[in-house]
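Q: The structure file model.cif (mmCIF, C-alpha atoms (C1' of nucleotides)) is provided below.
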```
data_start
loop_
_atom_site.label_atom_id
_atom_site.label_comp_id
_atom_site.auth_asym_id
_atom_site.auth_seq_id
_atom_site.Cartn_x
_atom_site.Cartn_y
_atom_site.Cartn_z
CA MET A 1 -4.13 2.32 -25.46
CA GLY A 2 -5.76 2.12 -22.06
CA ILE A 3 -8.83 4.27 -21.53
CA GLN A 4 -8.67 7.50 -23.46
CA GLY A 5 -8.81 10.62 -21.37
CA LEU A 6 -9.67 8.81 -18.14
CA THR A 7 -6.88 10.30 -16.06
CA LYS A 8 -7.87 13.80 -16.94
CA LEU A 9 -11.54 13.08 -16.44
CA LEU A 10 -10.93 11.72 -12.95
CA GLY A 11 -8.77 14.70 -12.14
CA ASP A 12 -11.56 17.06 -13.12
CA ALA A 13 -14.66 15.16 -12.08
CA ALA A 14 -13.46 12.95 -9.24
CA PRO A 15 -10.43 14.57 -7.64
CA GLY A 16 -11.15 12.89 -4.34
CA CYS A 17 -10.37 9.45 -5.74
CA MET A 18 -6.68 10.23 -6.04
CA LYS A 19 -4.24 10.79 -3.26
CA GLU A 20 -0.54 11.51 -3.28
CA GLN A 21 1.55 9.09 -1.30
CA LYS A 22 5.09 9.15 -0.10
CA PHE A 23 7.41 6.47 -1.29
CA GLU A 24 8.02 5.24 2.24
CA ASN A 25 4.38 4.35 2.63
CA TYR A 26 4.98 1.25 0.57
CA PHE A 27 7.44 -0.31 2.95
CA GLY A 28 6.41 -3.89 3.61
CA ARG A 29 3.63 -3.84 1.07
CA LYS A 30 2.89 -6.39 -1.59
CA ILE A 31 2.57 -4.80 -4.99
CA ALA A 32 1.48 -6.36 -8.28
CA VAL A 33 3.26 -5.25 -11.41
CA ASP A 34 2.51 -5.83 -15.10
CA ALA A 35 5.86 -7.07 -16.36
CA SER A 36 5.45 -6.57 -20.08
CA MET A 37 5.05 -2.85 -19.91
CA HIS A 38 8.28 -2.56 -18.00
CA ILE A 39 10.11 -4.83 -20.39
CA TYR A 40 8.96 -2.76 -23.29
CA ALA A 41 10.13 0.49 -21.75
CA PHE A 42 13.49 -1.02 -20.90
CA LEU A 43 14.01 -2.21 -24.45
CA VAL A 44 13.18 1.24 -25.73
CA VAL A 45 15.46 3.20 -23.49
CA VAL A 46 18.03 1.24 -21.50
CA GLY A 47 21.53 1.64 -22.79
CA ARG A 48 20.39 2.83 -26.13
CA GLN A 49 22.69 4.69 -28.45
CA GLY A 50 21.16 5.11 -31.84
CA ASP A 51 19.85 1.68 -32.71
CA GLN A 52 22.39 -0.02 -30.45
CA MET A 53 21.34 -1.61 -27.18
CA LEU A 54 23.13 -3.38 -24.37
CA THR A 55 24.17 -6.86 -25.45
CA SER A 56 26.02 -9.86 -24.14
CA GLU A 57 29.27 -11.04 -25.68
CA THR A 58 27.33 -13.17 -28.07
CA GLY A 59 25.24 -10.25 -29.24
CA GLU A 60 21.97 -11.00 -27.45
CA VAL A 61 20.13 -7.96 -26.16
CA THR A 62 20.33 -7.46 -22.39
CA SER A 63 18.64 -4.10 -21.92
CA HIS A 64 15.54 -5.71 -20.48
CA LEU A 65 17.61 -7.62 -17.91
CA GLN A 66 19.62 -4.58 -16.92
CA GLY A 67 16.43 -2.58 -16.43
CA MET A 68 14.46 -5.30 -14.70
CA PHE A 69 17.26 -6.27 -12.36
CA PHE A 70 18.04 -2.84 -11.01
CA ARG A 71 14.46 -1.68 -10.79
CA THR A 72 13.51 -4.76 -8.84
CA VAL A 73 16.46 -4.20 -6.55
CA ARG A 74 15.15 -0.71 -5.90
CA MET A 75 11.72 -2.04 -5.02
CA LEU A 76 13.09 -4.67 -2.67
CA GLU A 77 15.41 -2.14 -1.12
CA ALA A 78 12.40 0.05 -0.41
CA GLY A 79 10.89 -2.88 1.45
CA MET A 80 8.30 -3.66 -1.18
CA LYS A 81 7.27 -7.16 -2.14
CA PRO A 82 6.61 -7.10 -5.84
CA VAL A 83 4.88 -9.86 -7.77
CA PHE A 84 5.39 -9.67 -11.52
CA VAL A 85 2.49 -10.69 -13.73
CA PHE A 86 3.13 -11.75 -17.32
CA GLU A 87 0.71 -11.33 -20.20
CA GLY A 88 -1.15 -14.33 -21.56
CA LYS A 89 -3.18 -14.62 -24.73
CA ALA A 90 -4.82 -11.43 -25.92
CA PRO A 91 -8.62 -11.52 -26.17
CA GLU A 92 -10.05 -11.84 -29.64
CA LEU A 93 -11.50 -8.34 -29.53
CA LYS A 94 -8.06 -6.88 -29.10
CA ARG A 95 -6.86 -8.34 -32.36
CA GLU A 96 -7.69 -5.30 -34.37
CA GLU A 97 -5.88 -2.99 -32.03
CA LEU A 98 -2.85 -5.25 -32.03
CA ALA A 99 -2.86 -5.38 -35.79
CA LYS A 100 -2.75 -1.61 -35.88
CA ARG A 101 0.26 -1.57 -33.60
CA SER A 102 1.94 -4.15 -35.74
CA ASN A 103 1.37 -2.02 -38.82
CA ARG A 104 2.82 1.00 -37.15
CA ARG A 105 5.91 -1.04 -36.33
CA GLU A 106 6.28 -2.01 -39.94
CA ASP A 107 6.04 1.58 -41.04
CA ALA A 108 8.70 2.45 -38.51
CA ASN A 109 10.86 -0.28 -39.98
CA THR A 110 10.83 1.21 -43.45
CA GLU A 111 11.44 4.66 -42.00
CA LEU A 112 14.34 3.22 -40.08
CA GLU A 113 15.92 1.80 -43.20
CA ALA A 114 15.54 5.11 -44.96
CA ALA A 115 17.12 6.95 -42.05
CA LYS A 116 20.07 4.58 -42.00
CA GLU A 117 20.48 5.05 -45.72
CA ALA A 118 20.49 8.79 -45.32
CA GLY A 119 22.82 8.58 -42.35
CA ASN A 120 20.40 10.58 -40.22
CA ALA A 121 21.39 9.54 -36.70
CA GLU A 122 18.52 11.31 -35.01
CA ASP A 123 15.93 9.55 -37.11
CA VAL A 124 17.67 6.22 -36.72
CA GLU A 125 17.24 6.56 -32.97
CA LYS A 126 13.66 7.72 -33.25
CA TYR A 127 12.45 5.01 -35.58
CA SER A 128 14.44 2.18 -34.08
CA LYS A 129 12.63 2.85 -30.82
CA ARG A 130 9.34 2.39 -32.58
CA THR A 131 10.30 -0.97 -33.95
CA VAL A 132 10.78 -2.46 -30.50
CA ARG A 133 8.93 -5.67 -29.89
CA VAL A 134 8.77 -7.79 -26.77
CA THR A 135 9.48 -11.40 -27.63
CA ARG A 136 8.80 -14.63 -25.85
CA GLU A 137 12.52 -14.85 -25.18
CA HIS A 138 12.59 -11.50 -23.39
CA ASN A 139 9.72 -12.62 -21.20
CA GLU A 140 11.27 -15.95 -20.35
CA GLU A 141 14.59 -14.38 -19.45
CA CYS A 142 12.90 -11.89 -17.17
CA LYS A 143 10.98 -14.66 -15.43
CA ARG A 144 14.19 -16.55 -14.87
CA LEU A 145 15.85 -13.41 -13.51
CA LEU A 146 13.00 -12.64 -11.12
CA ARG A 147 12.87 -16.17 -9.78
CA LEU A 148 16.58 -16.03 -9.08
CA MET A 149 15.97 -12.80 -7.23
CA GLY A 150 13.42 -14.52 -5.02
CA VAL A 151 10.51 -12.59 -6.45
CA PRO A 152 7.26 -14.37 -7.37
CA VAL A 153 6.19 -14.55 -10.98
CA LEU A 154 2.64 -15.16 -12.15
CA GLU A 155 1.47 -16.05 -15.62
CA ALA A 156 -1.85 -14.48 -16.51
CA PRO A 157 -4.21 -16.52 -18.69
CA SER A 158 -4.96 -13.36 -20.65
CA GLU A 159 -4.61 -9.66 -19.82
CA ALA A 160 -1.95 -9.00 -17.19
CA GLU A 161 -3.73 -5.92 -15.91
CA ALA A 162 -6.85 -7.97 -15.28
CA GLN A 163 -4.88 -10.55 -13.34
CA CYS A 164 -3.20 -7.85 -11.28
CA ALA A 165 -6.61 -6.43 -10.45
CA GLN A 166 -7.76 -9.86 -9.34
CA LEU A 167 -4.78 -10.21 -7.00
CA CYS A 168 -5.78 -6.96 -5.40
CA LYS A 169 -9.45 -7.92 -5.18
CA ASP A 170 -8.45 -11.15 -3.48
CA GLY A 171 -6.43 -9.21 -0.96
CA LEU A 172 -3.16 -10.80 -1.98
CA VAL A 173 -1.54 -7.46 -2.76
CA TYR A 174 -2.03 -3.96 -1.42
CA GLY A 175 -2.30 -2.39 -4.84
CA ILE A 176 -1.02 -2.55 -8.35
CA SER A 177 1.71 -0.36 -9.72
CA THR A 178 0.95 0.65 -13.28
CA GLU A 179 0.53 3.60 -15.58
CA ASP A 180 -2.29 1.88 -17.39
CA MET A 181 -5.74 3.09 -16.38
CA ASP A 182 -7.33 -0.08 -17.75
CA SER A 183 -6.65 -1.59 -14.35
CA LEU A 184 -9.31 0.58 -12.78
CA THR A 185 -11.80 -0.58 -15.36
CA PHE A 186 -10.90 -4.13 -14.41
CA GLY A 187 -11.88 -3.08 -10.92
CA THR A 188 -8.64 -3.03 -8.99
CA PRO A 189 -9.39 -1.55 -5.58
CA LYS A 190 -6.17 0.41 -5.67
CA LEU A 191 -4.03 1.65 -8.52
CA ILE A 192 -0.66 3.31 -7.94
CA ARG A 193 0.98 5.51 -10.54
CA HIS A 194 4.52 6.87 -10.64
CA LEU A 195 5.54 4.47 -7.93
CA MET A 196 9.07 4.06 -9.22
CA ALA A 197 9.61 7.61 -10.27
CA PRO A 198 12.94 8.90 -9.02
CA SER A 199 12.86 10.71 -5.71
CA SER A 200 13.71 14.12 -6.97
CA GLN A 201 11.83 16.23 -9.39
CA LYS A 202 9.12 13.86 -10.51
CA PRO A 203 5.63 13.66 -9.05
CA LEU A 204 4.93 11.68 -5.91
CA ALA A 205 3.21 8.35 -6.18
CA MET A 206 -0.49 8.78 -6.82
CA GLU A 207 -3.07 6.32 -5.57
CA PHE A 208 -6.43 5.88 -7.23
CA ASP A 209 -9.13 4.30 -5.12
CA HIS A 210 -11.75 2.40 -7.07
CA GLU A 211 -14.48 2.78 -4.51
CA LEU A 212 -13.94 6.52 -4.37
CA VAL A 213 -13.96 6.71 -8.14
CA LEU A 214 -17.49 5.33 -8.15
CA LYS A 215 -18.54 7.46 -5.24
CA GLU A 216 -17.24 10.68 -6.70
CA LEU A 217 -18.56 10.03 -10.16
CA GLU A 218 -21.82 8.76 -8.66
CA LEU A 219 -21.78 5.70 -10.86
CA THR A 220 -22.24 2.02 -10.27
CA GLU A 221 -19.41 -0.27 -11.24
CA ASP A 222 -21.31 -1.36 -14.34
CA GLN A 223 -21.83 2.24 -15.32
CA PHE A 224 -18.16 3.01 -14.83
CA ILE A 225 -17.24 0.17 -17.17
CA ASP A 226 -19.71 1.52 -19.74
CA LEU A 227 -18.16 4.95 -19.34
CA CYS A 228 -14.70 3.53 -20.04
CA ILE A 229 -15.92 1.77 -23.17
CA LEU A 230 -17.41 5.00 -24.47
CA CYS A 231 -14.23 6.92 -23.69
CA GLY A 232 -12.34 4.54 -25.94
CA CYS A 233 -10.70 1.26 -24.97
CA ASP A 234 -8.71 -1.48 -26.68
CA TYR A 235 -11.75 -3.60 -27.41
CA THR A 236 -14.05 -1.44 -29.51
CA ALA A 237 -13.92 1.57 -31.78
CA LYS A 238 -15.09 4.90 -30.44
CA ILE A 239 -18.20 6.85 -31.31
CA SER A 240 -16.73 9.79 -33.12
CA GLY A 241 -17.57 12.99 -31.31
CA ILE A 242 -17.97 11.42 -27.89
CA GLY A 243 -15.00 11.88 -25.61
CA ALA A 244 -14.57 11.45 -21.89
CA VAL A 245 -16.62 14.46 -20.84
CA ARG A 246 -19.64 13.74 -22.99
CA ALA A 247 -19.44 10.06 -22.21
CA LEU A 248 -19.73 10.80 -18.52
CA SER A 249 -22.71 13.08 -18.85
CA LEU A 250 -24.44 10.66 -21.22
CA ILE A 251 -23.97 7.71 -18.90
CA LYS A 252 -25.22 9.76 -16.00
CA LYS A 253 -28.26 10.80 -17.95
CA HIS A 254 -29.13 7.48 -19.54
CA GLY A 255 -27.68 4.95 -17.16
CA SER A 256 -26.03 2.59 -19.60
CA ILE A 257 -24.68 2.26 -23.11
CA GLU A 258 -28.03 0.87 -24.20
CA GLY A 259 -29.71 3.97 -22.86
CA VAL A 260 -27.18 6.25 -24.48
CA LEU A 261 -27.50 4.58 -27.87
CA ALA A 262 -31.28 4.79 -27.76
CA ALA A 263 -31.15 8.50 -27.05
CA LEU A 264 -28.33 9.51 -29.38
CA ASP A 265 -29.08 11.57 -32.43
CA SER A 266 -27.99 9.09 -35.05
CA LYS A 267 -27.50 11.82 -37.63
CA LYS A 268 -25.02 13.62 -35.49
CA TYR A 269 -23.19 10.61 -34.13
CA GLN A 270 -22.13 7.61 -36.11
CA ILE A 271 -22.20 4.35 -34.19
CA PRO A 272 -19.25 2.24 -35.29
CA GLU A 273 -20.11 -0.99 -37.04
CA PRO A 274 -19.58 -3.42 -35.49
CA PHE A 275 -19.80 -2.07 -31.94
CA PRO A 276 -19.40 -5.09 -29.67
CA TYR A 277 -19.79 -3.15 -26.46
CA GLN A 278 -21.48 -6.02 -24.67
CA GLU A 279 -18.53 -8.27 -25.29
CA ALA A 280 -16.15 -5.51 -24.20
CA ARG A 281 -18.20 -5.09 -21.06
CA ARG A 282 -17.88 -8.78 -20.34
CA LEU A 283 -14.12 -8.68 -20.83
CA PHE A 284 -13.83 -5.94 -18.22
CA LYS A 285 -16.30 -7.44 -15.79
CA GLU A 286 -15.37 -11.08 -16.08
CA PRO A 287 -11.94 -11.26 -17.61
CA ASP A 288 -10.08 -14.52 -17.97
CA VAL A 289 -8.12 -14.60 -14.72
CA VAL A 290 -7.01 -16.97 -12.03
CA LYS A 291 -8.66 -16.21 -8.74
CA GLY A 292 -8.89 -17.15 -5.11
CA ASP A 293 -7.58 -20.58 -4.24
CA GLN A 294 -6.46 -21.18 -7.79
CA ILE A 295 -3.73 -18.59 -7.43
CA PRO A 296 -0.39 -20.21 -6.62
CA GLN A 297 1.03 -19.05 -3.35
CA LEU A 298 3.20 -15.98 -3.66
CA LYS A 299 6.56 -16.40 -1.96
CA TRP A 300 9.36 -13.96 -1.49
CA THR A 301 12.66 -15.65 -0.78
CA SER A 302 16.33 -14.75 -0.54
CA PRO A 303 18.10 -14.13 -3.81
CA ASP A 304 20.13 -16.97 -5.26
CA THR A 305 23.46 -15.21 -5.50
CA GLU A 306 25.35 -17.86 -7.38
CA GLY A 307 22.45 -18.47 -9.71
CA LEU A 308 22.39 -14.78 -10.53
CA ILE A 309 26.13 -14.78 -11.14
CA ASP A 310 25.82 -17.74 -13.48
CA PHE A 311 23.03 -16.14 -15.42
CA LEU A 312 23.96 -12.49 -15.55
CA VAL A 313 27.73 -12.64 -15.37
CA LYS A 314 28.63 -15.91 -17.07
CA GLU A 315 25.90 -15.93 -19.67
CA LYS A 316 25.13 -12.25 -20.15
CA THR A 317 28.43 -10.52 -19.49
CA PHE A 318 27.31 -8.33 -16.60
CA ALA A 319 30.02 -7.01 -14.27
CA GLU A 320 30.30 -9.35 -11.33
CA ASP A 321 30.99 -6.76 -8.66
CA ARG A 322 27.92 -4.76 -9.64
CA ILE A 323 25.73 -7.80 -9.28
CA ARG A 324 27.22 -8.81 -5.96
CA LYS A 325 26.84 -5.31 -4.64
CA ALA A 326 23.19 -5.23 -5.69
CA VAL A 327 22.49 -8.59 -4.07
CA GLU A 328 24.04 -7.18 -0.91
CA ARG A 329 21.61 -4.32 -1.03
CA ILE A 330 18.73 -6.75 -1.26
CA ASN A 331 19.93 -8.79 1.69
CA ALA A 332 20.52 -5.71 3.78
CA ALA A 333 16.99 -4.52 3.04
CA LYS A 334 15.53 -7.90 3.88
CA GLY A 335 17.23 -7.85 7.24
CA LYS A 336 15.76 -4.49 8.04
CA ALA A 337 12.38 -5.53 6.82
CA SER A 338 12.13 -8.64 8.96
CA GLN A 339 13.42 -6.78 11.95
CA GLY A 340 11.29 -3.70 12.03
CA ARG A 341 8.10 -5.00 10.58
CA LEU A 342 5.21 -2.73 11.31
CA GLU A 343 3.18 -5.40 9.70
CA SER A 344 3.52 -7.61 12.74
CA PHE A 345 1.49 -5.02 14.62
CA PHE A 346 -1.08 -3.85 12.14
CA GLY A 347 -0.55 -6.52 9.68
CA PRO A 348 -2.28 -9.12 7.67
CA ALA A 349 -2.32 -11.82 10.26
CA LYS A 350 -5.25 -10.24 12.06
CA VAL A 351 -7.74 -10.59 9.31
CA VAL A 352 -9.75 -13.72 9.51
CA SER A 353 -11.68 -14.50 6.42
CA SER A 354 -13.35 -17.32 4.70
CA THR A 355 -10.66 -17.68 2.13
CA MET A 356 -9.00 -20.69 3.64
CA GLY A 357 -6.43 -18.98 5.75
CA LYS A 358 -5.15 -16.94 2.94
CA ARG A 359 -3.50 -13.81 4.12
CA LYS A 360 -4.99 -10.51 3.43
CA GLU A 361 -3.08 -7.39 2.74
CA VAL A 362 -4.69 -4.66 4.71
CA PRO A 363 -4.12 -0.94 4.56
CA VAL A 364 -2.33 0.38 7.56
CA ALA A 365 -4.69 2.35 9.72
CA ALA A 366 -4.86 5.94 8.63
CA LYS A 367 -2.27 8.08 10.27
CA GLY A 368 -2.67 11.76 10.93
CA LYS A 369 -3.94 13.36 7.78
CA LYS A 370 -1.08 15.35 6.45
CA GLY A 371 0.10 16.85 9.62
CA SER A 372 3.82 16.63 9.96
CA SER A 373 5.58 17.04 6.72
CA GLY A 374 8.75 17.25 8.74
CA ALA A 375 8.70 13.60 9.60
CA ALA A 376 12.43 13.27 9.66
CA PRO A 377 13.70 12.09 6.31
CA LYS A 378 16.19 9.84 7.97
CA LYS A 379 18.68 9.35 5.25
CA GLY A 380 17.96 12.41 3.23
CA LYS A 381 16.33 10.15 0.77
CA LEU A 382 14.00 12.76 -0.53
CA GLY A 383 16.40 15.52 -1.06
CA GLY A 384 14.36 18.53 -2.04
CA MET A 385 10.95 19.15 -0.74
CA GLY A 386 9.28 18.87 -4.07
CA LYS A 387 7.74 22.21 -4.66
CA LYS A 388 4.36 21.11 -3.58
CA LYS A 389 1.72 23.69 -3.16
"C1'" DT B 1 -16.06 32.54 -26.02
"C1'" DC B 2 -15.31 28.30 -24.32
"C1'" DT B 3 -15.46 23.42 -24.26
"C1'" DC B 4 -14.55 19.36 -26.30
"C1'" DT B 5 -12.70 16.17 -29.63
"C1'" DG B 6 -9.32 14.05 -32.69
"C1'" DA B 7 -5.01 13.84 -35.07
"C1'" DC B 8 -0.33 13.92 -34.65
"C1'" DA B 9 4.15 13.96 -32.19
"C1'" DT B 10 6.87 12.89 -28.23
"C1'" DT B 11 8.43 10.23 -24.35
"C1'" DA B 12 9.43 6.17 -21.81
"C1'" DG B 13 16.01 3.41 -16.67
"C1'" DA B 14 19.50 3.29 -13.23
"C1'" DC B 15 24.26 3.78 -11.49
"C1'" DG B 16 28.14 6.24 -9.97
"C1'" DG B 17 32.08 9.24 -10.50
"C1'" DG B 18 33.37 14.00 -10.90
"C1'" DC C 1 23.32 18.31 -5.48
"C1'" DC C 2 23.46 17.98 -10.54
"C1'" DC C 3 25.55 16.41 -14.90
"C1'" DC C 4 26.72 13.10 -17.89
"C1'" DG C 5 29.06 8.98 -19.51
"C1'" DT C 6 28.27 4.20 -18.95
"C1'" DC C 7 25.93 -0.14 -18.05
"C1'" DC C 8 26.32 -4.99 -21.72
"C1'" DA D 1 4.68 -15.01 -34.55
"C1'" DC D 2 3.65 -13.26 -30.66
"C1'" DC D 3 1.87 -8.40 -25.83
"C1'" DT D 4 3.15 -1.52 -23.49
"C1'" DA D 5 1.14 3.02 -22.72
"C1'" DA D 6 0.41 8.24 -21.43
"C1'" DT D 7 0.98 13.10 -22.33
"C1'" DG D 8 1.28 17.43 -24.96
"C1'" DT D 9 -0.04 20.44 -28.69
"C1'" DC D 10 -3.08 22.47 -31.67
"C1'" DA D 11 -6.77 23.23 -35.18
"C1'" DG D 12 -11.41 23.31 -35.80
"C1'" DA D 13 -16.24 22.00 -34.89
"C1'" DG D 14 -20.18 23.01 -32.16
#
```
Can the structure from this file be put into structure tokens for me?

A:
Amino acid sequence: MGIQGLTKLLGDAAPGCMKEQKFENYFGRKIAVDASMHIYAFLVVVGRQGDQMLTSETGEVTSHLQGMFFRTVRMLEAGMKPVFVFEGKAPELKREELAKRSNRREDANTELEAAKEAGNAEDVEKYSKRTVRVTREHNEECKRLLRLMGVPVLEAPSEAEAQCAQLCKDGLVYGISTEDMDSLTFGTPKLIRHLMAPSSQKPLAMEFDHELVLKELELTEDQFIDLCILCGCDYTAKISGIGAVRALSLIKKHGSIEGVLAALDSKKYQIPEPFPYQEARRLFKEPDVVKGDQIPQLKWTSPDTEGLIDFLVKEKTFAEDRIRKAVERINAAKGKASQGRLESFFGPAKVVSSTMGKRKEVPVAAKGKKGSSGAAPKKGKLGGMGKKK
DNA sequence: TCTCTGACATTAGACGGG
DNA sequence: CCCCGTCC
DNA sequence: ACCTAATGTCAGAG
């Protein structure tokens, strides 16, 4: 569920923490991605007709592979270096939330049966989407695919978003690409939304800067975490009647959840029972993650063409020429990337730190503010000037 | 009147030929 | 460039 | 057996 109403709150109360970015700005950058969210979306939408999905000859679902493969190709082609992080064990506090989701799936299942019975195609599609579940198998197949593509895969001990945030804190990636605002609560220095949105029509990528969030809201990091808990997170129930706006003003006035609780009119506002906000706080502040030297080295290598053919074509019935063409695209992009690396000028190598020679991903020095919007779209990549203001 | 919350519903990819 | 059928 | 989330709409309380 993320943090309820946080995006809107930041837009209203901390507009300076978000900045639109052009797609090209991510050339050469390392980006962490939460894999499970992508897999879920692919299963819901890729190749779906009614309750049918893409499948191999033997009837196994392949929608997640189709989606993951081509999206990753797009990222690599754009010069990005993605690292995919897979979900580990959910924290105990999330159990309740997960149980709710599971129940909703079951309801959808009965609705689905009814719709099939009635021959209502529209409802069959609607409810079958809601029954989607990411299995261990889906995850394992995606890991195998990514490794064959030469893209690093990381297994999180627990929450993937927390692990992504840690990668960014440790300077191993520039930012994390996600739609989930939880990542900011976990303290990622940089969060990127809409990164993979298609060039036309959709909004530009939007970067959220953690430091600026705190600055604009005039909160400490601890207070920001408390704010997020009050807004509504996966770990505790909400106080009915307190949404994002009131939560912010309460935290500002009283400094912490303890302060807020002490001052709240208990007749007007019911505190949920139990309300393990301290535990939730700990999960955000010190989540179960691998950090620093413990993180395996992230390596981006050339795709294993024949391995991909064996997997996708021989096992999963993909069209061989499509796969070969896509691998070509990757190789072409890699050539360009190693040739024209800006990074060799501005890049990571410069930063000397105490972290045992680990490389740091550093933001490219700020270019002119927003001066030349006519910066020669070389290949007409961005067709229309999005009707920006 | 206006702001805010909460419940409920909806949406969610990418390619390539025409 | 957009639309829409297809990907497996 | 097991892990996704945001956004939009609207009624009604304060």

Q: Please provide as a count of residues only all residues within 6 Å of segment 162-173 of chain A, with the sequence filter that same-chain residues fewer than 3 positions apart are discarded (counting all atoms listed in the file).

A: 10

Q: Which is closest to chain D among A:Asp180, A:Glu155, A:Glu77, A:Glu161, if we use only C-alpha atoms (C1' of nucleotides)?

A: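 When distances to chain D are compared using only C-alpha atoms (C1' of nucleotides), the smallest one comes from A:Asp180.
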
Q: Got a sec to resolve the PyMOL selection byres ((chain A and resi 182) around 9) on this structure and send the residues as a list in words?

A: Met1, Gly2, Ile3, Glu161, Ala162, Glu179, Asp180, Met181, Ser183, Leu184, Thr185, Phe186, Gly187, Cys228, Cys233 and Phe284 of chain A

Q: Got a sec to resolve the PyMOL selection byres ((chain A) within 8 of (chain D)) on this structure and send the residues as a ChimeraX atom specification?

A: /A:1-2,36-38,40-41,87-88,90,134-136,179-180

Q: For the structure shown, which residues end up in the PyMOL selection byres ((chain C) within 10 of (chain A))? Put them as a short mmCIF file (atom, residue, chain, number, x, y, z; two decimals) with C-alpha atoms (C1' of nucleotides), in the coordinates of the input, please?

A:
```
data_model
loop_
_atom_site.label_atom_id
_atom_site.label_comp_id
_atom_site.auth_asym_id
_atom_site.auth_seq_id
_atom_site.Cartn_x
_atom_site.Cartn_y
_atom_site.Cartn_z
"C1'" DC C 1 23.32 18.31 -5.48
"C1'" DT C 6 28.27 4.20 -18.95
"C1'" DC C 7 25.93 -0.14 -18.05
"C1'" DC C 8 26.32 -4.99 -21.72
#
```

Q: Please check the contacts: residues of chain A at most 12 Å away from chain B, using all atoms listed in the file, listed as number ranges by chain.

A: A: 4-5, 37-48, 63-74, 126, 129-130, 179, 196-198, 231, 238-247, 322-323, 325-326

Q: Which distance in Å separates atom CA of Trp300 of chain A and atom CA of Arg144 of chain A, to one decimal?

A: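 The value is 14.5 Å.
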
Q: Return the padded bounding box of segment 9-18 of chain B as AutoDock Vina command-line options: axis-aligned, built from all atoms listed in the file, 4 Å added on each side, with centre and edge lengths in Å to one decimal.

A:
```
--center_x 18.8 --center_y 8.6 --center_z -21.1 --size_x 37.2 --size_y 18.7 --size_z 30.2
```

Q: Take atom CA of Asp310 of chain A and atom CA of Leu76 of chain A and report the distance between them in Å, one decimal.

A: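 So the two atoms, atom CA of Asp310 of chain A and atom CA of Leu76 of chain A, lie 21.2 Å apart.
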
Q: Between A:Pro287, A:Pro276, A:Ala205, A:Arg101, which has the minimum distance to Lys89 of chain A (counting all atoms listed in the file)?

A: A:Pro287

Q: Quick one: pull the distance between atom CA of Leu154 of chain A and atom CA of Thr301 of chain A, Å, one decimal.

A: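 Going from atom CA of Leu154 of chain A over to atom CA of Thr301 of chain A covers 15.2 Å.
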
Q: Render chain C from the structure in the preceding block as a file of N, CA, C and O atoms (P, O5', C5', C4', C3', O3' and C1' of nucleotides), as a tab-separated table (two decimals), in the first residue's frame.

A:
```tsv
chain	number	residue	atom	x	y	z
C	1	DC	P	7.27	10.95	-34.19
C	1	DC	O5'	5.86	10.96	-34.96
C	1	DC	C5'	5.00	12.07	-34.76
C	1	DC	C4'	3.58	11.62	-34.98
C	1	DC	C3'	3.10	10.63	-33.92
C	1	DC	O3'	2.02	11.19	-33.19
C	1	DC	C1'	2.68	9.79	-36.12
C	2	DC	P	1.58	10.38	-31.89
C	2	DC	O5'	0.38	9.51	-32.48
C	2	DC	C5'	-0.70	10.16	-33.15
C	2	DC	C4'	-1.64	9.09	-33.72
C	2	DC	C3'	-2.19	8.14	-32.66
C	2	DC	O3'	-3.57	7.94	-32.93
C	2	DC	C1'	-1.09	6.91	-34.35
C	3	DC	P	-4.44	7.18	-31.90
C	3	DC	O5'	-4.69	5.81	-32.64
C	3	DC	C5'	-4.93	5.82	-34.05
C	3	DC	C4'	-5.24	4.43	-34.53
C	3	DC	C3'	-5.87	3.51	-33.48
C	3	DC	O3'	-6.84	2.72	-34.12
C	3	DC	C1'	-3.79	2.60	-34.20
C	4	DC	P	-7.81	1.85	-33.29
C	4	DC	O5'	-7.18	0.41	-33.42
C	4	DC	C5'	-6.89	-0.10	-34.72
C	4	DC	C4'	-6.05	-1.35	-34.58
C	4	DC	C3'	-6.53	-2.33	-33.50
C	4	DC	O3'	-6.51	-3.63	-34.05
C	4	DC	C1'	-4.24	-1.88	-33.22
C	5	DG	P	-7.51	-4.69	-33.54
C	5	DG	O5'	-6.82	-6.05	-33.96
C	5	DG	C5'	-6.24	-6.15	-35.27
C	5	DG	C4'	-4.92	-6.88	-35.20
C	5	DG	C3'	-4.95	-8.20	-34.41
C	5	DG	O3'	-4.23	-9.17	-35.15
C	5	DG	C1'	-3.26	-6.78	-33.54
C	6	DT	P	-4.13	-10.66	-34.66
C	6	DT	O5'	-2.71	-10.67	-33.94
C	6	DT	C5'	-1.54	-10.37	-34.70
C	6	DT	C4'	-0.32	-10.41	-33.79
C	6	DT	C3'	-0.23	-11.66	-32.88
C	6	DT	O3'	1.00	-12.30	-33.18
C	6	DT	C1'	0.19	-9.67	-31.66
C	7	DC	P	1.35	-13.69	-32.52
C	7	DC	O5'	2.45	-13.24	-31.45
C	7	DC	C5'	3.68	-12.66	-31.90
C	7	DC	C4'	4.47	-12.17	-30.72
C	7	DC	C3'	4.76	-13.26	-29.68
C	7	DC	O3'	6.14	-13.20	-29.36
C	7	DC	C1'	3.82	-11.37	-28.65
C	8	DC	P	6.95	-14.61	-29.40
C	8	DC	O5'	6.33	-15.38	-28.17
C	8	DC	C5'	6.54	-14.90	-26.85
C	8	DC	C4'	5.86	-15.83	-25.86
C	8	DC	C3'	6.20	-17.31	-26.04
C	8	DC	O3'	6.26	-17.90	-24.76
C	8	DC	C1'	3.87	-16.99	-26.29
```
